[in-house]
$ cat upload-v6.txt   # compact mmCIF, N, CA, C and O atoms and all ligand atoms
# COMPACT_ATOMS: atom_id res chain seq x y z
N MET A 1 0.83 -1.21 0.00
CA MET A 1 0.00 0.00 0.00
C MET A 1 0.87 1.26 0.00
O MET A 1 1.99 1.25 0.47
N THR A 2 0.33 2.29 -0.58
CA THR A 2 1.08 3.54 -0.65
C THR A 2 0.49 4.55 0.34
O THR A 2 -0.73 4.71 0.40
N LEU A 3 1.37 5.17 1.06
CA LEU A 3 0.91 6.17 2.02
C LEU A 3 0.82 7.54 1.37
O LEU A 3 1.71 7.94 0.63
N THR A 4 -0.23 8.23 1.63
CA THR A 4 -0.32 9.62 1.17
C THR A 4 0.51 10.49 2.12
O THR A 4 0.77 10.09 3.26
N PRO A 5 0.94 11.66 1.63
CA PRO A 5 1.70 12.55 2.53
C PRO A 5 0.95 12.83 3.83
O PRO A 5 1.56 12.95 4.88
N LYS A 6 -0.34 12.90 3.74
CA LYS A 6 -1.14 13.16 4.93
C LYS A 6 -1.03 12.03 5.94
O LYS A 6 -0.91 12.24 7.13
N GLN A 7 -1.06 10.79 5.42
CA GLN A 7 -0.93 9.62 6.30
C GLN A 7 0.45 9.55 6.92
O GLN A 7 0.60 9.20 8.08
N ILE A 8 1.47 9.91 6.12
CA ILE A 8 2.84 9.91 6.65
C ILE A 8 2.96 10.93 7.76
O ILE A 8 3.54 10.67 8.82
N GLU A 9 2.38 12.08 7.53
CA GLU A 9 2.42 13.13 8.55
C GLU A 9 1.75 12.67 9.84
O GLU A 9 2.26 12.87 10.94
N ALA A 10 0.62 12.00 9.69
CA ALA A 10 -0.10 11.49 10.85
C ALA A 10 0.73 10.46 11.60
O ALA A 10 0.78 10.46 12.83
N LEU A 11 1.41 9.61 10.83
CA LEU A 11 2.27 8.59 11.45
C LEU A 11 3.41 9.23 12.22
O LEU A 11 3.74 8.81 13.33
N LEU A 12 4.02 10.24 11.61
CA LEU A 12 5.14 10.91 12.26
C LEU A 12 4.70 11.59 13.54
O LEU A 12 5.40 11.57 14.55
N GLN A 13 3.53 12.18 13.48
CA GLN A 13 3.01 12.83 14.68
C GLN A 13 2.77 11.81 15.78
O GLN A 13 3.05 12.06 16.94
N MET A 14 2.26 10.65 15.38
CA MET A 14 2.01 9.58 16.33
C MET A 14 3.32 9.14 16.97
O MET A 14 3.41 8.94 18.17
N LEU A 15 4.37 9.02 16.13
CA LEU A 15 5.67 8.57 16.62
C LEU A 15 6.26 9.58 17.60
O LEU A 15 6.76 9.21 18.65
N SER A 16 6.21 10.85 17.25
CA SER A 16 6.82 11.85 18.13
C SER A 16 6.03 11.94 19.43
O SER A 16 6.59 12.16 20.49
N HIS A 17 4.73 11.73 19.33
CA HIS A 17 3.92 11.73 20.55
C HIS A 17 4.31 10.55 21.44
O HIS A 17 4.49 10.71 22.64
N THR A 18 4.49 9.39 20.82
CA THR A 18 4.87 8.20 21.58
C THR A 18 6.20 8.42 22.28
O THR A 18 6.36 8.07 23.44
N GLN A 19 7.14 9.01 21.57
CA GLN A 19 8.45 9.24 22.17
C GLN A 19 8.35 10.18 23.36
O GLN A 19 8.97 9.96 24.38
N ALA A 20 7.55 11.21 23.22
CA ALA A 20 7.41 12.18 24.30
C ALA A 20 6.76 11.54 25.52
O ALA A 20 6.99 11.97 26.64
N GLU A 21 5.96 10.53 25.27
CA GLU A 21 5.24 9.90 26.38
C GLU A 21 5.91 8.61 26.83
O GLU A 21 5.32 7.79 27.51
N GLU A 22 7.15 8.43 26.41
CA GLU A 22 7.86 7.18 26.70
C GLU A 22 7.86 6.84 28.20
O GLU A 22 7.64 5.71 28.57
N LEU A 23 8.16 7.83 28.99
CA LEU A 23 8.17 7.61 30.44
C LEU A 23 6.84 8.04 31.02
O LEU A 23 6.21 8.97 30.55
N SER A 24 6.44 7.37 32.06
CA SER A 24 5.20 7.75 32.71
C SER A 24 5.44 9.00 33.57
O SER A 24 6.57 9.36 33.89
N CYS A 25 4.36 9.65 33.92
CA CYS A 25 4.47 10.84 34.75
C CYS A 25 5.17 10.52 36.07
O CYS A 25 5.95 11.32 36.57
N ASP A 26 4.91 9.36 36.62
CA ASP A 26 5.56 8.97 37.88
C ASP A 26 7.07 9.01 37.74
O ASP A 26 7.78 9.45 38.64
N GLU A 27 7.54 8.53 36.58
CA GLU A 27 8.98 8.50 36.38
C GLU A 27 9.54 9.92 36.25
O GLU A 27 10.65 10.19 36.70
N TYR A 28 8.77 10.80 35.64
CA TYR A 28 9.21 12.19 35.56
C TYR A 28 9.21 12.83 36.93
O TYR A 28 10.14 13.56 37.29
N LEU A 29 8.17 12.55 37.69
CA LEU A 29 8.08 13.16 39.01
C LEU A 29 9.20 12.68 39.93
O LEU A 29 9.66 13.42 40.79
N ASP A 30 9.64 11.44 39.71
CA ASP A 30 10.77 10.92 40.48
C ASP A 30 12.02 11.78 40.28
O ASP A 30 12.85 11.90 41.17
N ARG A 31 12.17 12.32 39.08
CA ARG A 31 13.40 13.06 38.75
C ARG A 31 13.18 14.57 38.79
O ARG A 31 14.10 15.33 38.49
N LEU A 32 11.97 14.97 39.14
CA LEU A 32 11.63 16.38 39.08
C LEU A 32 12.48 17.21 40.05
O LEU A 32 12.93 18.31 39.71
N ALA A 33 12.72 16.70 41.25
CA ALA A 33 13.51 17.42 42.24
C ALA A 33 14.91 17.70 41.70
O ALA A 33 15.44 18.81 41.84
N GLU A 34 15.46 16.67 41.06
CA GLU A 34 16.79 16.79 40.45
C GLU A 34 16.78 17.87 39.36
O GLU A 34 17.68 18.70 39.25
N TYR A 35 15.71 17.85 38.58
CA TYR A 35 15.56 18.84 37.51
C TYR A 35 15.45 20.24 38.08
O TYR A 35 16.12 21.17 37.60
N VAL A 36 14.64 20.41 39.11
CA VAL A 36 14.44 21.73 39.71
C VAL A 36 15.75 22.27 40.29
O VAL A 36 16.07 23.44 40.12
N GLU A 37 16.51 21.40 40.93
CA GLU A 37 17.80 21.81 41.50
C GLU A 37 18.74 22.32 40.41
O GLU A 37 19.40 23.34 40.55
N THR A 38 18.80 21.57 39.31
CA THR A 38 19.65 21.97 38.19
C THR A 38 19.15 23.27 37.59
O THR A 38 19.92 24.19 37.28
N TYR A 39 17.84 23.35 37.45
CA TYR A 39 17.19 24.54 36.88
C TYR A 39 17.52 25.77 37.71
O TYR A 39 17.91 26.82 37.20
N LEU A 40 17.42 25.64 39.04
CA LEU A 40 17.66 26.79 39.92
C LEU A 40 19.14 27.15 39.99
O LEU A 40 19.50 28.30 40.22
N SER A 41 20.00 26.16 39.81
CA SER A 41 21.44 26.42 39.88
C SER A 41 21.92 27.14 38.63
O SER A 41 23.02 27.69 38.60
N GLY A 42 21.10 27.12 37.58
CA GLY A 42 21.44 27.84 36.35
C GLY A 42 22.43 27.10 35.47
O GLY A 42 22.84 27.62 34.44
N SER A 43 22.82 25.89 35.87
CA SER A 43 23.73 25.14 35.01
C SER A 43 22.95 24.48 33.87
O SER A 43 21.74 24.34 33.96
N SER A 44 23.69 24.09 32.84
CA SER A 44 23.00 23.51 31.69
C SER A 44 22.52 22.11 32.03
O SER A 44 23.11 21.42 32.85
N LEU A 45 21.42 21.73 31.40
CA LEU A 45 20.79 20.46 31.73
C LEU A 45 21.54 19.29 31.10
O LEU A 45 21.83 19.32 29.91
N PRO A 46 21.85 18.28 31.90
CA PRO A 46 22.40 17.06 31.30
C PRO A 46 21.35 16.37 30.43
O PRO A 46 20.14 16.63 30.59
N GLU A 47 21.82 15.52 29.55
CA GLU A 47 20.93 14.85 28.59
C GLU A 47 19.71 14.23 29.26
O GLU A 47 18.59 14.37 28.80
N GLY A 48 19.93 13.57 30.37
CA GLY A 48 18.85 12.86 31.05
C GLY A 48 17.74 13.77 31.54
O GLY A 48 16.60 13.34 31.69
N LEU A 49 18.09 15.03 31.80
CA LEU A 49 17.07 15.94 32.32
C LEU A 49 16.36 16.71 31.21
O LEU A 49 15.33 17.32 31.44
N ARG A 50 16.91 16.65 30.00
CA ARG A 50 16.25 17.34 28.89
C ARG A 50 14.90 16.70 28.59
O ARG A 50 13.96 17.38 28.19
N ALA A 51 14.82 15.40 28.78
CA ALA A 51 13.56 14.69 28.55
C ALA A 51 12.50 15.23 29.50
O ALA A 51 11.33 15.33 29.14
N ILE A 52 12.92 15.58 30.69
CA ILE A 52 11.97 16.12 31.68
C ILE A 52 11.48 17.49 31.22
O ILE A 52 10.29 17.77 31.28
N GLU A 53 12.40 18.29 30.74
CA GLU A 53 12.02 19.61 30.23
C GLU A 53 11.00 19.46 29.11
O GLU A 53 9.99 20.17 29.07
N GLY A 54 11.24 18.54 28.20
CA GLY A 54 10.32 18.31 27.10
C GLY A 54 8.96 17.84 27.59
O GLY A 54 7.92 18.26 27.08
N HIS A 55 8.98 16.99 28.58
CA HIS A 55 7.72 16.47 29.11
C HIS A 55 6.93 17.58 29.80
O HIS A 55 5.71 17.63 29.69
N LEU A 56 7.63 18.47 30.47
CA LEU A 56 6.94 19.56 31.17
C LEU A 56 6.18 20.44 30.19
O LEU A 56 5.13 20.99 30.52
N ASP A 57 6.74 20.57 28.98
CA ASP A 57 6.06 21.36 27.95
C ASP A 57 4.74 20.73 27.53
O ASP A 57 3.81 21.41 27.11
N LEU A 58 4.69 19.40 27.62
CA LEU A 58 3.53 18.67 27.10
C LEU A 58 2.51 18.33 28.16
O LEU A 58 1.34 18.13 27.87
N CYS A 59 2.96 18.25 29.40
CA CYS A 59 2.11 17.66 30.42
C CYS A 59 1.74 18.68 31.50
O CYS A 59 2.59 19.11 32.27
N ASN A 60 0.49 19.06 31.52
CA ASN A 60 0.03 20.05 32.49
C ASN A 60 0.22 19.58 33.92
O ASN A 60 0.57 20.36 34.80
N HIS A 61 -0.02 18.29 34.12
CA HIS A 61 0.08 17.74 35.48
C HIS A 61 1.49 17.91 36.03
O HIS A 61 1.69 18.43 37.13
N CYS A 62 2.48 17.51 35.27
CA CYS A 62 3.87 17.62 35.72
C CYS A 62 4.30 19.08 35.79
O CYS A 62 5.10 19.47 36.65
N GLN A 63 3.78 19.90 34.88
CA GLN A 63 4.08 21.33 34.90
C GLN A 63 3.61 21.94 36.22
O GLN A 63 4.32 22.75 36.85
N GLU A 64 2.44 21.52 36.68
CA GLU A 64 1.91 22.02 37.95
C GLU A 64 2.78 21.57 39.12
O GLU A 64 3.06 22.36 40.03
N GLU A 65 3.21 20.32 39.07
CA GLU A 65 4.09 19.80 40.13
C GLU A 65 5.40 20.59 40.14
O GLU A 65 5.94 20.90 41.20
N PHE A 66 5.89 20.88 38.95
CA PHE A 66 7.13 21.63 38.80
C PHE A 66 7.00 23.03 39.43
O PHE A 66 7.84 23.47 40.20
N GLN A 67 5.89 23.71 39.09
CA GLN A 67 5.66 25.06 39.62
C GLN A 67 5.53 25.02 41.15
O GLN A 67 6.03 25.90 41.85
N ALA A 68 4.83 23.99 41.65
CA ALA A 68 4.63 23.85 43.09
C ALA A 68 5.97 23.65 43.79
O ALA A 68 6.23 24.22 44.85
N LEU A 69 6.82 22.84 43.18
CA LEU A 69 8.13 22.55 43.75
C LEU A 69 9.01 23.81 43.74
O LEU A 69 9.69 24.12 44.73
N LEU A 70 8.96 24.55 42.64
CA LEU A 70 9.72 25.80 42.54
C LEU A 70 9.30 26.75 43.64
O LEU A 70 10.12 27.38 44.31
N LYS A 71 7.99 26.86 43.82
CA LYS A 71 7.42 27.76 44.81
C LYS A 71 7.86 27.36 46.21
O LYS A 71 8.25 28.19 47.03
N ALA A 72 7.81 26.06 46.47
CA ALA A 72 8.19 25.53 47.78
C ALA A 72 9.66 25.85 48.08
O ALA A 72 10.02 26.17 49.21
N LEU A 73 10.49 25.78 47.05
CA LEU A 73 11.92 26.02 47.24
C LEU A 73 12.24 27.50 47.38
O LEU A 73 13.24 27.87 48.00
N GLU A 74 11.39 28.33 46.82
CA GLU A 74 11.64 29.77 46.89
C GLU A 74 11.27 30.34 48.26
O GLU A 74 11.82 31.34 48.67
N ASP A 75 10.34 29.68 48.92
CA ASP A 75 9.89 30.20 50.22
C ASP A 75 10.96 30.08 51.31
O ASP A 75 11.74 29.17 51.29
ZN ZN A 101 3.52 14.21 33.16

$ encode --input "upload-v6.txt" --output "structure tokens"
Amino acid sequence: MTLTPKQIEALLQMLSHTQAEELSCDEYLDRLAEYVETYLSGSSLPEGLRAIEGHLDLCNHCQEEFQALLKALED
């Protein structure tokens, strides 16, 4: 079968979505403290923490946890 450009685009979107959701939120939350510490220290993010940054862009739930943690640390 031949894929139309539209179908290919849909497939690619599906793939990138799958990659972004590779880890569960629990796994991100496990590393969130580490991420926040690095974030606040102003140093560049190691490879392992970039995935967390990407997930925060996509996931409101983890974004909220991130903001809450930031707030807690600022107080
Ligand atoms: Zn999440």

$ atom_distance --input "upload-v6.txt" --atom1 "atom N of Val36 (chain A)" --atom2 "atom O of Ile52 (chain A)"
9.3 Å

$ closest_residue --input "upload-v6.txt" --among "A:Ser43, A:Gln13, A:Thr4, A:Tyr28" --to "Gln63 (chain A)" --atoms "only C-alpha atoms"
A:Tyr28

$ residues_near_ligand --input "upload-v6.txt" --ligand "ligand ZN 101 (chain A)" --cutoff "8 Å" --atoms "all atoms listed in the file" --output "list in words"
Ala20, Leu23, Ser24, Cys25, Asp26, Glu27, Tyr28, Leu29, Ile52, His55, Leu56, Leu58, Cys59, Asn60, His61, Cys62 and Gln63 of chain A

$ atom_distance --input "upload-v6.txt" --atom1 "CA of Tyr35 (chain A)" --atom2 "atom O of Asp75 (chain A)"
17.6 Å

$ closest_residue --input "upload-v6.txt" --among "A:Leu12, A:Met1, A:Ala33, A:Gln7" --to "Leu69 (chain A)" --atoms "all atoms listed in the file"
A:Ala33

$ atom_distance --input "upload-v6.txt" --atom1 "atom O of Asp30 (chain A)" --atom2 "atom O of Gly54 (chain A)"
16.2 Å

$ select_by_dssp --input "upload-v6.txt" --residues "chain A" --states "alpha helix (DSSP H)" --output "ChimeraX atom specification"
/A:5-20,25-41,47-58,60-74

$ closest_residue --input "upload-v6.txt" --among "A:Leu49, A:Leu40, A:Asp57, A:Ala10" --to "Leu73 (chain A)" --atoms "only C-alpha atoms"
A:Leu40

$ decode --input "upload-v6.txt" --residues "region 32-45 of chain A" --atoms "all heavy atoms" --output "mmCIF file, in the first residue's frame"
data_model
loop_
_atom_site.group_PDB
_atom_site.id
_atom_site.type_symbol
_atom_site.label_atom_id
_atom_site.label_comp_id
_atom_site.auth_asym_id
_atom_site.auth_seq_id
_atom_site.Cartn_x
_atom_site.Cartn_y
_atom_site.Cartn_z
ATOM 1 N N LEU A 32 11.969 14.965 39.139
ATOM 2 C CA LEU A 32 11.634 16.383 39.076
ATOM 3 C C LEU A 32 12.480 17.213 40.050
ATOM 4 O O LEU A 32 12.927 18.306 39.707
ATOM 5 C CB LEU A 32 10.138 16.573 39.361
ATOM 6 C CG LEU A 32 9.562 17.923 38.956
ATOM 7 C CD1 LEU A 32 9.793 18.188 37.479
ATOM 8 C CD2 LEU A 32 8.070 17.979 39.264
ATOM 9 N N ALA A 33 12.719 16.696 41.245
ATOM 10 C CA ALA A 33 13.512 17.424 42.241
ATOM 11 C C ALA A 33 14.910 17.697 41.701
ATOM 12 O O ALA A 33 15.439 18.806 41.838
ATOM 13 C CB ALA A 33 13.580 16.633 43.532
ATOM 14 N N GLU A 34 15.461 16.673 41.057
ATOM 15 C CA GLU A 34 16.792 16.795 40.455
ATOM 16 C C GLU A 34 16.776 17.872 39.364
ATOM 17 O O GLU A 34 17.685 18.700 39.249
ATOM 18 C CB GLU A 34 17.160 15.440 39.858
ATOM 19 C CG GLU A 34 18.604 15.276 39.480
ATOM 20 C CD GLU A 34 18.835 13.965 38.723
ATOM 21 O OE1 GLU A 34 18.031 13.026 38.875
ATOM 22 O OE2 GLU A 34 19.808 13.908 37.963
ATOM 23 N N TYR A 35 15.707 17.852 38.584
ATOM 24 C CA TYR A 35 15.558 18.836 37.513
ATOM 25 C C TYR A 35 15.455 20.245 38.079
ATOM 26 O O TYR A 35 16.119 21.173 37.599
ATOM 27 C CB TYR A 35 14.317 18.505 36.673
ATOM 28 C CG TYR A 35 14.002 19.550 35.641
ATOM 29 C CD1 TYR A 35 14.740 19.622 34.464
ATOM 30 C CD2 TYR A 35 12.993 20.485 35.857
ATOM 31 C CE1 TYR A 35 14.471 20.592 33.518
ATOM 32 C CE2 TYR A 35 12.723 21.467 34.912
ATOM 33 C CZ TYR A 35 13.455 21.516 33.750
ATOM 34 O OH TYR A 35 13.189 22.485 32.821
ATOM 35 N N VAL A 36 14.638 20.414 39.113
ATOM 36 C CA VAL A 36 14.439 21.734 39.711
ATOM 37 C C VAL A 36 15.753 22.269 40.286
ATOM 38 O O VAL A 36 16.074 23.444 40.122
ATOM 39 C CB VAL A 36 13.343 21.673 40.805
ATOM 40 C CG1 VAL A 36 13.301 22.968 41.604
ATOM 41 C CG2 VAL A 36 11.990 21.430 40.166
ATOM 42 N N GLU A 37 16.513 21.398 40.934
ATOM 43 C CA GLU A 37 17.799 21.812 41.497
ATOM 44 C C GLU A 37 18.736 22.316 40.407
ATOM 45 O O GLU A 37 19.395 23.342 40.554
ATOM 46 C CB GLU A 37 18.470 20.642 42.225
ATOM 47 C CG GLU A 37 18.084 20.568 43.694
ATOM 48 C CD GLU A 37 18.665 19.330 44.364
ATOM 49 O OE1 GLU A 37 19.780 18.918 43.980
ATOM 50 O OE2 GLU A 37 17.985 18.785 45.250
ATOM 51 N N THR A 38 18.803 21.573 39.311
ATOM 52 C CA THR A 38 19.654 21.972 38.193
ATOM 53 C C THR A 38 19.147 23.274 37.591
ATOM 54 O O THR A 38 19.916 24.189 37.285
ATOM 55 C CB THR A 38 19.676 20.873 37.106
ATOM 56 O OG1 THR A 38 19.960 19.630 37.733
ATOM 57 C CG2 THR A 38 20.724 21.158 36.066
ATOM 58 N N TYR A 39 17.839 23.351 37.446
ATOM 59 C CA TYR A 39 17.191 24.537 36.883
ATOM 60 C C TYR A 39 17.524 25.771 37.713
ATOM 61 O O TYR A 39 17.908 26.817 37.199
ATOM 62 C CB TYR A 39 15.680 24.285 36.853
ATOM 63 C CG TYR A 39 14.836 25.429 36.365
ATOM 64 C CD1 TYR A 39 14.586 25.606 35.007
ATOM 65 C CD2 TYR A 39 14.262 26.318 37.277
ATOM 66 C CE1 TYR A 39 13.793 26.646 34.561
ATOM 67 C CE2 TYR A 39 13.465 27.363 36.835
ATOM 68 C CZ TYR A 39 13.230 27.525 35.483
ATOM 69 O OH TYR A 39 12.444 28.551 35.047
ATOM 70 N N LEU A 40 17.417 25.644 39.039
ATOM 71 C CA LEU A 40 17.662 26.786 39.917
ATOM 72 C C LEU A 40 19.142 27.147 39.991
ATOM 73 O O LEU A 40 19.499 28.303 40.217
ATOM 74 C CB LEU A 40 17.126 26.489 41.327
ATOM 75 C CG LEU A 40 15.598 26.453 41.453
ATOM 76 C CD1 LEU A 40 15.195 26.064 42.863
ATOM 77 C CD2 LEU A 40 14.988 27.798 41.084
ATOM 78 N N SER A 41 20.004 26.162 39.812
ATOM 79 C CA SER A 41 21.440 26.424 39.882
ATOM 80 C C SER A 41 21.920 27.143 38.629
ATOM 81 O O SER A 41 23.016 27.688 38.605
ATOM 82 C CB SER A 41 22.212 25.115 40.065
ATOM 83 O OG SER A 41 22.239 24.396 38.852
ATOM 84 N N GLY A 42 21.103 27.123 37.577
ATOM 85 C CA GLY A 42 21.441 27.839 36.351
ATOM 86 C C GLY A 42 22.426 27.099 35.473
ATOM 87 O O GLY A 42 22.838 27.615 34.442
ATOM 88 N N SER A 43 22.817 25.889 35.867
ATOM 89 C CA SER A 43 23.734 25.142 35.011
ATOM 90 C C SER A 43 22.952 24.485 33.875
ATOM 91 O O SER A 43 21.737 24.344 33.959
ATOM 92 C CB SER A 43 24.515 24.094 35.813
ATOM 93 O OG SER A 43 23.704 23.476 36.765
ATOM 94 N N SER A 44 23.694 24.094 32.842
ATOM 95 C CA SER A 44 23.002 23.513 31.689
ATOM 96 C C SER A 44 22.517 22.114 32.034
ATOM 97 O O SER A 44 23.114 21.416 32.846
ATOM 98 C CB SER A 44 23.916 23.483 30.467
ATOM 99 O OG SER A 44 25.017 22.659 30.719
ATOM 100 N N LEU A 45 21.424 21.729 31.402
ATOM 101 C CA LEU A 45 20.790 20.462 31.725
ATOM 102 C C LEU A 45 21.537 19.289 31.097
ATOM 103 O O LEU A 45 21.825 19.324 29.906
ATOM 104 C CB LEU A 45 19.353 20.454 31.213
ATOM 105 C CG LEU A 45 18.387 21.408 31.886
ATOM 106 C CD1 LEU A 45 17.077 21.424 31.120
ATOM 107 C CD2 LEU A 45 18.149 21.036 33.334
#
